[in-house]
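So this one's input.cif, mmCIF, C-alpha atoms:
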data_entry
#
loop_
_atom_site.label_atom_id
_atom_site.label_comp_id
_atom_site.auth_asym_id
_atom_site.auth_seq_id
_atom_site.Cartn_x
_atom_site.Cartn_y
_atom_site.Cartn_z
CA MET A 280 13.75 -47.40 -7.01
CA ASN A 281 13.18 -45.57 -3.73
CA ILE A 282 13.80 -42.13 -2.23
CA ARG A 283 16.94 -43.26 -0.42
CA GLN A 284 18.51 -44.52 -3.64
CA LEU A 285 17.70 -41.22 -5.34
CA GLN A 286 19.26 -39.31 -2.44
CA TYR A 287 22.39 -41.48 -2.71
CA PHE A 288 22.58 -40.91 -6.48
CA LEU A 289 22.25 -37.14 -6.06
CA ALA A 290 24.98 -37.11 -3.42
CA ILE A 291 27.38 -38.96 -5.72
CA ALA A 292 26.54 -36.77 -8.70
CA GLU A 293 27.06 -33.59 -6.70
CA SER A 294 30.16 -34.75 -4.78
CA GLY A 295 31.98 -36.19 -7.79
CA THR A 296 33.28 -39.26 -5.94
CA ILE A 297 31.72 -42.13 -4.06
CA THR A 298 34.13 -41.51 -1.18
CA ALA A 299 33.01 -37.89 -0.76
CA ALA A 300 29.35 -38.84 -1.16
CA ALA A 301 29.67 -41.59 1.49
CA LYS A 302 31.23 -39.09 3.89
CA LYS A 303 28.47 -36.55 3.19
CA LEU A 304 25.78 -39.18 3.77
CA GLY A 305 27.46 -40.61 6.86
CA ILE A 306 27.69 -44.15 5.53
CA SER A 307 30.49 -46.41 4.29
CA GLN A 308 31.36 -46.81 0.62
CA PRO A 309 30.37 -50.48 0.05
CA PRO A 310 26.63 -50.11 0.77
CA LEU A 311 26.55 -46.89 -1.25
CA SER A 312 28.14 -48.60 -4.25
CA ALA A 313 25.82 -51.58 -3.81
CA GLN A 314 22.73 -49.36 -3.86
CA MET A 315 23.88 -47.64 -7.06
CA LYS A 316 24.46 -51.00 -8.70
CA LEU A 317 20.94 -52.13 -7.71
CA LEU A 318 19.47 -48.90 -9.08
CA GLU A 319 21.25 -49.28 -12.41
CA GLU A 320 20.17 -52.90 -12.70
CA GLU A 321 16.54 -51.95 -11.98
CA LEU A 322 16.52 -49.14 -14.53
CA GLY A 323 18.57 -51.07 -17.11
CA VAL A 324 20.97 -48.18 -17.78
CA THR A 325 24.39 -47.03 -16.67
CA LEU A 326 24.07 -43.91 -14.53
CA LEU A 327 27.67 -43.41 -13.45
CA GLU A 328 30.97 -44.09 -15.15
CA ARG A 329 33.49 -44.92 -12.46
CA GLY A 330 36.99 -43.50 -12.96
CA ALA A 331 40.15 -43.83 -10.95
CA ARG A 332 39.56 -40.53 -9.19
CA ARG A 333 36.06 -39.36 -10.05
CA VAL A 334 32.74 -40.63 -11.31
CA ARG A 335 31.09 -39.09 -14.34
CA ILE A 336 27.33 -38.86 -14.89
CA THR A 337 26.19 -40.49 -18.11
CA ASP A 338 23.49 -39.10 -20.40
CA ALA A 339 21.01 -41.44 -18.71
CA GLY A 340 22.29 -40.21 -15.36
CA ARG A 341 21.65 -36.58 -16.32
CA ILE A 342 18.03 -37.44 -17.15
CA LEU A 343 17.59 -39.15 -13.80
CA TYR A 344 19.39 -36.32 -12.00
CA ARG A 345 16.77 -33.75 -13.07
CA ARG A 346 13.89 -35.99 -12.03
CA ALA A 347 15.54 -37.18 -8.83
CA ALA A 348 16.27 -33.62 -7.69
CA ALA A 349 12.61 -32.67 -8.17
CA ILE A 350 11.35 -35.84 -6.46
CA VAL A 351 13.63 -35.46 -3.45
CA GLU A 352 12.74 -31.77 -3.13
CA LEU A 353 9.02 -32.56 -3.18
CA THR A 354 9.53 -35.35 -0.67
CA ASP A 355 11.42 -33.05 1.68
CA LEU A 356 8.68 -30.44 1.30
CA ALA A 357 6.00 -33.01 2.09
CA TYR A 358 7.83 -34.05 5.27
CA LYS A 359 8.21 -30.42 6.29
CA GLU A 360 4.56 -29.58 5.64
CA LEU A 361 3.38 -32.61 7.60
CA ALA A 362 5.74 -31.78 10.45
CA ASP A 363 4.41 -28.21 10.43
CA PHE A 364 0.87 -29.59 10.39
CA ARG A 365 1.59 -31.73 13.45
CA THR A 366 2.89 -28.70 15.33
CA GLY A 367 0.04 -26.52 14.12
CA THR A 368 2.15 -24.09 12.09
CA TYR A 369 0.83 -24.98 8.65
CA GLY A 370 -2.49 -26.07 7.18
CA ILE A 371 -5.96 -24.97 6.14
CA LEU A 372 -8.73 -24.15 8.61
CA ARG A 373 -12.16 -24.76 7.08
CA LEU A 374 -14.33 -22.37 9.03
CA GLY A 375 -18.08 -21.88 8.79
CA THR A 376 -19.69 -18.60 9.84
CA VAL A 377 -23.23 -17.28 10.02
CA SER A 378 -24.07 -13.80 8.79
CA SER A 379 -24.67 -12.47 12.29
CA CYS A 380 -21.15 -13.56 13.33
CA SER A 381 -19.34 -11.50 10.74
CA ILE A 382 -15.78 -10.23 10.63
CA GLY A 383 -16.85 -7.50 13.05
CA LEU A 384 -17.15 -10.10 15.79
CA LEU A 385 -14.20 -12.23 14.70
CA LYS A 386 -11.66 -9.67 13.43
CA SER A 387 -9.64 -9.41 16.64
CA LYS A 388 -9.70 -13.18 17.15
CA ILE A 389 -8.65 -13.96 13.59
CA ALA A 390 -5.92 -11.30 13.79
CA ALA A 391 -4.59 -12.87 17.00
CA PHE A 392 -4.68 -16.32 15.40
CA ARG A 393 -2.87 -15.05 12.29
CA ASP A 394 -0.11 -13.55 14.45
CA GLN A 395 0.52 -16.98 16.00
CA PHE A 396 0.00 -19.08 12.86
CA PRO A 397 0.83 -16.99 9.77
CA GLN A 398 1.13 -20.08 7.56
CA VAL A 399 -2.38 -21.36 8.29
CA ARG A 400 -4.89 -20.42 5.58
CA PHE A 401 -8.66 -20.09 5.83
CA GLU A 402 -11.46 -21.54 3.72
CA ILE A 403 -14.69 -19.80 4.73
CA CYS A 404 -18.12 -21.36 4.30
CA GLU A 405 -21.10 -19.10 4.99
CA GLY A 406 -24.56 -20.34 5.84
CA ASN A 407 -27.15 -20.53 8.57
CA THR A 408 -26.58 -22.27 11.89
CA LEU A 409 -28.44 -25.45 11.01
CA ASP A 410 -26.65 -25.90 7.66
CA LEU A 411 -23.25 -25.26 9.20
CA ALA A 412 -23.97 -27.67 12.05
CA ASP A 413 -24.71 -30.35 9.43
CA GLN A 414 -21.41 -29.61 7.69
CA VAL A 415 -19.47 -29.88 10.94
CA ARG A 416 -21.25 -33.14 11.71
CA SER A 417 -20.35 -34.56 8.27
CA GLY A 418 -16.75 -33.34 8.40
CA ALA A 419 -17.15 -30.98 5.43
CA ILE A 420 -15.79 -28.15 7.61
CA ASP A 421 -13.57 -28.22 10.69
CA LEU A 422 -15.25 -25.59 12.86
CA ALA A 423 -18.24 -23.29 12.68
CA VAL A 424 -19.06 -20.05 14.45
CA VAL A 425 -22.82 -20.20 14.94
CA ARG A 426 -25.51 -18.63 17.05
CA ALA A 427 -27.74 -20.24 19.65
CA PRO A 428 -30.16 -21.84 19.87
CA PHE A 429 -28.96 -25.12 18.37
CA ARG A 430 -28.53 -28.70 19.61
CA SER A 431 -25.31 -28.01 21.49
CA GLU A 432 -25.17 -31.49 23.05
CA GLU A 433 -24.26 -32.89 19.63
CA PHE A 434 -21.02 -30.88 19.44
CA SER A 435 -17.97 -29.80 21.36
CA CYS A 436 -18.75 -26.12 21.97
CA VAL A 437 -17.02 -22.96 23.12
CA PHE A 438 -19.56 -20.27 24.02
CA LEU A 439 -19.10 -16.52 24.22
CA GLU A 440 -21.06 -14.38 26.63
CA GLU A 441 -24.72 -13.72 26.08
CA GLU A 442 -25.60 -10.59 24.16
CA PRO A 443 -28.86 -8.69 23.72
CA MET A 444 -30.82 -8.10 20.56
CA LEU A 445 -31.09 -4.57 19.21
CA ALA A 446 -33.88 -2.74 17.47
CA VAL A 447 -32.35 -0.88 14.54
CA GLY A 448 -34.00 1.67 12.31
CA VAL A 449 -34.12 5.26 11.10
CA GLU A 450 -34.70 8.04 13.63
CA THR A 451 -38.40 8.49 12.81
CA TYR A 452 -39.21 5.08 14.34
CA PHE A 453 -37.66 6.06 17.66
CA SER A 454 -38.75 9.65 18.13
CA GLY A 455 -39.38 10.42 21.79
CA PHE A 456 -37.12 7.61 23.12
CA THR A 457 -34.14 9.10 24.92
CA SER A 458 -32.82 5.92 26.57
CA ASP A 459 -30.36 3.57 24.83
CA SER A 460 -32.62 0.64 25.72
CA ILE A 461 -36.32 0.01 25.13
CA ASP A 462 -38.98 -2.60 25.82
CA LEU A 463 -40.69 -4.80 23.24
CA ALA A 464 -43.87 -2.92 23.95
CA ASP A 465 -42.24 0.16 22.44
CA LEU A 466 -42.16 -1.67 19.07
CA ASP A 467 -45.87 -2.43 19.13
CA GLY A 468 -47.33 -1.72 15.70
CA LEU A 469 -44.00 -0.94 14.02
CA PRO A 470 -43.04 -2.92 10.88
CA LEU A 471 -40.44 -5.47 12.00
CA ILE A 472 -37.66 -6.94 9.85
CA CYS A 473 -36.55 -10.33 11.14
CA TYR A 474 -34.09 -13.06 10.34
CA ARG A 475 -36.30 -16.06 9.52
CA ARG A 476 -34.74 -18.44 12.05
CA TRP A 477 -35.40 -16.02 14.91
CA GLU A 478 -39.03 -15.34 13.99
CA PRO A 479 -40.51 -17.99 16.33
CA LEU A 480 -38.45 -16.66 19.26
CA ILE A 481 -39.37 -13.05 18.48
CA ARG A 482 -43.05 -13.87 18.10
CA ALA A 483 -43.10 -15.92 21.30
CA THR A 484 -41.38 -13.18 23.29
CA PHE A 485 -43.78 -10.55 21.95
CA GLU A 486 -46.78 -12.71 22.74
CA GLU A 487 -45.55 -13.20 26.31
CA GLU A 488 -45.90 -9.42 26.58
CA GLY A 489 -49.40 -9.63 25.13
CA ILE A 490 -48.31 -8.04 21.82
CA LEU A 491 -49.04 -9.29 18.31
CA PRO A 492 -45.88 -8.45 16.35
CA ASN A 493 -46.15 -6.74 12.97
CA VAL A 494 -43.59 -8.77 11.01
CA TYR A 495 -43.16 -6.87 7.76
CA CYS A 496 -40.18 -8.74 6.27
CA LEU A 497 -38.60 -12.15 6.85
CA ASN A 498 -35.20 -12.93 5.37
CA ASP A 499 -32.29 -15.33 5.72
CA ASP A 500 -29.43 -12.93 6.46
CA ALA A 501 -28.99 -10.50 9.34
CA ARG A 502 -27.17 -8.13 7.00
CA THR A 503 -30.27 -7.98 4.82
CA SER A 504 -32.30 -6.98 7.86
CA LEU A 505 -29.91 -4.10 8.51
CA MET A 506 -29.96 -2.94 4.90
CA TRP A 507 -33.78 -2.89 4.85
CA ALA A 508 -33.77 -0.99 8.13
CA SER A 509 -31.29 1.57 6.79
CA ALA A 510 -33.62 2.12 3.84
CA GLY A 511 -36.34 3.14 6.29
CA LEU A 512 -38.54 0.13 5.54
CA GLY A 513 -38.93 -0.99 9.14
CA VAL A 514 -37.17 -1.85 12.38
CA ALA A 515 -34.65 -4.70 12.26
CA VAL A 516 -34.26 -7.00 15.26
CA VAL A 517 -30.66 -8.24 15.20
CA PRO A 518 -27.89 -9.30 17.63
CA ARG A 519 -25.73 -6.51 19.00
CA SER A 520 -22.46 -7.93 17.63
CA ILE A 521 -23.42 -7.59 13.98
CA CYS A 522 -24.03 -3.88 14.42
CA SER A 523 -20.33 -3.32 15.08
CA VAL A 524 -19.68 -3.45 11.32
CA PHE A 525 -22.76 -1.51 10.26
CA SER A 526 -22.59 2.20 10.86
CA GLN A 527 -24.62 4.73 8.92
CA ASN A 528 -25.80 8.26 9.55
CA GLY A 529 -29.38 8.52 10.70
CA ILE A 530 -29.56 4.95 12.01
CA VAL A 531 -30.59 4.42 15.63
CA TYR A 532 -29.69 1.40 17.77
CA LYS A 533 -31.80 0.53 20.82
CA GLU A 534 -31.04 -2.42 23.09
CA LEU A 535 -34.06 -4.60 23.83
CA ARG A 536 -34.35 -5.24 27.56
CA GLU A 537 -36.12 -8.61 27.37
CA LYS A 538 -33.76 -11.38 28.53
CA GLY A 539 -35.74 -13.90 26.52
CA LEU A 540 -34.22 -12.45 23.35
CA TYR A 541 -30.61 -12.73 24.52
CA THR A 542 -28.47 -14.94 22.31
CA ARG A 543 -24.99 -16.49 22.36
CA VAL A 544 -22.33 -17.12 19.76
CA ALA A 545 -20.47 -20.42 19.85
CA ALA A 546 -17.63 -22.12 18.03
CA ILE A 547 -18.50 -25.74 17.45
CA ARG A 548 -16.61 -28.79 16.24
CA LYS A 549 -17.49 -32.43 15.82
CA LYS A 550 -17.72 -34.16 19.18
CA ASP A 551 -14.90 -36.71 19.60
CA GLY A 552 -13.59 -35.71 16.14
CA TYR A 553 -9.97 -34.94 15.27
CA CYS A 554 -8.85 -31.51 16.49
CA SER A 555 -5.57 -30.34 14.97
CA PRO A 556 -3.18 -28.16 16.98
CA PHE A 557 -4.21 -25.01 15.12
CA MET A 558 -7.91 -25.85 15.56
CA GLN A 559 -7.26 -26.09 19.30
CA ALA A 560 -5.43 -22.76 19.19
CA PHE A 561 -8.29 -21.10 17.32
CA LEU A 562 -10.79 -22.30 19.92
CA GLN A 563 -8.58 -21.02 22.74
CA ILE A 564 -8.30 -17.60 21.10
CA PHE A 565 -12.02 -17.59 20.36
CA ALA A 566 -12.80 -18.12 24.03
CA GLN A 567 -10.69 -15.16 25.14
CA ARG A 568 -12.35 -11.87 25.91
CA ASP A 569 -11.38 -9.04 23.58
#

Translate the structure described by the file into structure tokens.
Amino acid sequence: MNIRQLQYFLAIAESGTITAAAKKLGISQPPLSAQMKLLEEELGVTLLERGARRVRITDAGRILYRRAAAIVELTDLAYKELADFRTGTYGILRLGTVSSCSIGLLKSKIAAFRDQFPQVRFEICEGNTLDLADQVRSGAIDLAVVRAPFRSEEFSCVFLEEEPMLAVGVETYFSGFTSDSIDLADLDGLPLICYRRWEPLIRATFEEEGILPNVYCLNDDARTSLMWASAGLGVAVVPRSICSVFSQNGIVYKELREKGLYTRVAAIRKKDGYCSPFMQAFLQIFAQRD
């Protein structure tokens, strides 16, 4: 029993005659009759009672009709979904993101992607850059939006422009500073709240300025740094892009002038790995300036 035989059987059952079914299917009557005979012999039941003018479905035929209709419908749906997948109009995008590349950074890009591919769904995996890079490498996720530095030579990468780090805290930490940007030296002695992965970079940059940083809190999420800063517990050092989704009265944002602290966001995928049409489209949209 195969899909074609089930399609033939459904056509006969719905048309009422083999002649009408053959015309609907675009084939001649003899091969259609032969296929029905083979199907009945395989199943060991009579499916159709042939009359002079019409065929009648037997009780066994009615049982098969219900199953065949469902099977053919599912088969047609599978073909359609796979065709849509090939053209990039249907599927699931398994996307990894780090906390500092939140919806604030991606909202316009995801909205643009959704407008083009409304049938593509997202599965989001959140983690740090190193963990997400491992998942891209293993194929557990399709793409990841991560933050440099990382071993970019291991992946196919699309980079956004560099962005500065900001010092974020309550007003009392920045009294007397009228400019929107400051130097690291201006943070000398203040309690710093840092994302753990950036601590070596922050310490090294401070030490280049001859300053011993006062790291008060280390954590694993840039959003945690901002929450601690908003509570007045210290000054968070975070990328500018994450601040776009964090606005609170009494919080001050100062751009750090040191180029050594600049960072970049990148979308990465497995080098030489399969890249579906909608993955390619997402990367193209990601690369566009807002």

The PyMOL selection byres ((chain A and resi 328) around 12) on the file shown: which residues, as a VMD selection string? chain A and resid 291 to 292 295 to 297 315 to 316 319 324 to 327 329 to 340

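Residue nearest Ala423 in chain A, chosen from A:Ile490, A:Ala446, A:Cys404, A:Ala290 and counting only C-alpha atoms: A:Cys404.
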
Which residues of range 372-440 of chain A come within 12 Å of range 555-562 of chain A, and for each one, what is the closest pair of atoms and their distance in Å to one decimal, counting all atoms listed in the file, sorted by chain and residue number, as a Markdown table?
| residue | atom | partner | partner_atom | distance |
| --- | --- | --- | --- | --- |
| A:Leu372 | CA | A:Met558 | CA | 7.2 |
| A:Arg373 | CA | A:Met558 | CA | 9.5 |
| A:Leu374 | CA | A:Met558 | CA | 9.8 |
| A:Leu385 | CA | A:Phe561 | CA | 11.0 |
| A:Ser387 | CA | A:Phe561 | CA | 11.8 |
| A:Lys388 | CA | A:Phe561 | CA | 8.0 |
| A:Ile389 | CA | A:Phe561 | CA | 8.1 |
| A:Ala390 | CA | A:Phe561 | CA | 10.7 |
| A:Ala391 | CA | A:Phe561 | CA | 9.0 |
| A:Phe392 | CA | A:Phe561 | CA | 6.3 |
| A:Arg393 | CA | A:Phe561 | CA | 9.6 |
| A:Asp394 | CA | A:Phe561 | CA | 11.5 |
| A:Gln395 | CA | A:Ala560 | CA | 8.9 |
| A:Phe396 | CA | A:Phe557 | CA | 7.6 |
| A:Pro397 | CA | A:Phe557 | CA | 10.9 |
| A:Gln398 | CA | A:Phe557 | CA | 10.5 |
| A:Val399 | CA | A:Phe557 | CA | 8.0 |
| A:Arg400 | CA | A:Phe557 | CA | 10.6 |
| A:Phe401 | CA | A:Met558 | CA | 11.3 |
| A:Ile420 | CA | A:Met558 | CA | 11.4 |
| A:Asp421 | CA | A:Met558 | CA | 7.8 |
| A:Leu422 | CA | A:Met558 | CA | 7.8 |
| A:Ala423 | CA | A:Leu562 | CA | 10.4 |
| A:Val424 | CA | A:Leu562 | CA | 10.2 |
| A:Ser435 | CA | A:Leu562 | CA | 10.5 |
| A:Cys436 | CA | A:Leu562 | CA | 9.1 |
| A:Val437 | CA | A:Leu562 | CA | 7.0 |
| A:Phe438 | CA | A:Leu562 | CA | 9.9 |
| A:Leu439 | CA | A:Leu562 | CA | 11.0 |

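Those residues that approach Lys386 in chain A to within 12 Å, counting all atoms listed in the file, are Cys380, Phe392, Arg393, Ser520, Ile521, Ser523, Val524, Ile564, Phe565 and Asp569 of chain A; same-chain residues fewer than 6 positions away are not listed.
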
Might you spell out which residues the PyMOL selection byres ((chain A and resi 311) around 9) would select in the displayed file, as a ChimeraX atom specification? /A:284,287-288,297,300-301,306-310,312-316

If I put a ball of radius 7 Å at (22.0, -31.8, -10.0) in the file's coordinates, which residues poke into it when counting only C-alpha atoms, written as a compact mmCIF listing (two decimals) with C-alpha atoms, in the frame of the given file?
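The new file result.txt reads:
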# COMPACT_ATOMS: atom_id res chain seq x y z
CA LEU A 289 22.25 -37.14 -6.06
CA ALA A 292 26.54 -36.77 -8.70
CA GLU A 293 27.06 -33.59 -6.70
CA TYR A 344 19.39 -36.32 -12.00
CA ARG A 345 16.77 -33.75 -13.07
CA ALA A 348 16.27 -33.62 -7.69

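Distances from A:Arg536, A:Arg519, A:Arg430, A:Arg416 to Leu463 in chain A were compared using all atoms listed in the file, and the smallest one belongs to A:Arg536.
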
Once the PyMOL selection byres ((chain A and resi 378) around 12) is applied to the coordinates I shared, what remains selected? I want it as a short mmCIF file (atom, residue, chain, number, x, y, z; two decimals) with C-alpha atoms, in the coordinates of the input.
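Once everything was written out, this is result-v7.cif:
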data_model
loop_
_atom_site.label_atom_id
_atom_site.label_comp_id
_atom_site.auth_asym_id
_atom_site.auth_seq_id
_atom_site.Cartn_x
_atom_site.Cartn_y
_atom_site.Cartn_z
CA GLY A 375 -18.08 -21.88 8.79
CA THR A 376 -19.69 -18.60 9.84
CA VAL A 377 -23.23 -17.28 10.02
CA SER A 379 -24.67 -12.47 12.29
CA CYS A 380 -21.15 -13.56 13.33
CA SER A 381 -19.34 -11.50 10.74
CA ILE A 382 -15.78 -10.23 10.63
CA GLY A 383 -16.85 -7.50 13.05
CA LEU A 384 -17.15 -10.10 15.79
CA LEU A 385 -14.20 -12.23 14.70
CA ILE A 403 -14.69 -19.80 4.73
CA CYS A 404 -18.12 -21.36 4.30
CA GLU A 405 -21.10 -19.10 4.99
CA GLY A 406 -24.56 -20.34 5.84
CA ASN A 407 -27.15 -20.53 8.57
CA THR A 408 -26.58 -22.27 11.89
CA LEU A 411 -23.25 -25.26 9.20
CA ALA A 423 -18.24 -23.29 12.68
CA VAL A 424 -19.06 -20.05 14.45
CA VAL A 425 -22.82 -20.20 14.94
CA ARG A 426 -25.51 -18.63 17.05
CA TYR A 474 -34.09 -13.06 10.34
CA ASN A 498 -35.20 -12.93 5.37
CA ASP A 499 -32.29 -15.33 5.72
CA ASP A 500 -29.43 -12.93 6.46
CA ALA A 501 -28.99 -10.50 9.34
CA ARG A 502 -27.17 -8.13 7.00
CA THR A 503 -30.27 -7.98 4.82
CA SER A 504 -32.30 -6.98 7.86
CA LEU A 505 -29.91 -4.10 8.51
CA VAL A 517 -30.66 -8.24 15.20
CA PRO A 518 -27.89 -9.30 17.63
CA SER A 520 -22.46 -7.93 17.63
CA ILE A 521 -23.42 -7.59 13.98
CA CYS A 522 -24.03 -3.88 14.42
CA VAL A 524 -19.68 -3.45 11.32
CA VAL A 544 -22.33 -17.12 19.76
#

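When all atoms listed in the file are used to measure the gap to Leu353 in chain A, the shortest distance among A:Cys473, A:Leu491, A:Ile282, A:Ala566 belongs to A:Ile282.
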
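Each of A:Asn493, A:Ile530, A:Ile371, A:Ala427 was compared to Glu402 in chain A using only C-alpha atoms, and A:Ile371 turns out to be the nearest.
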
One decimal, Å: what's the distance from CA of Arg548 in chain A over to CA of Leu497 in chain A, could you say? 29.1 Å

For Glu450 in chain A, which residue out of A:Gly468, A:Arg476, A:Ala508, A:Glu487 is the nearest one, using all atoms listed in the file? A:Ala508

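Here CA of Asp467 in chain A and CA of Pro492 in chain A stand 6.6 Å from one another.
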
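Among the candidate residues A:Asp413, A:Glu440, A:Asp462, A:Glu534, the one lying nearest to Thr484 in chain A is A:Asp462, with distances computed using all atoms listed in the file.
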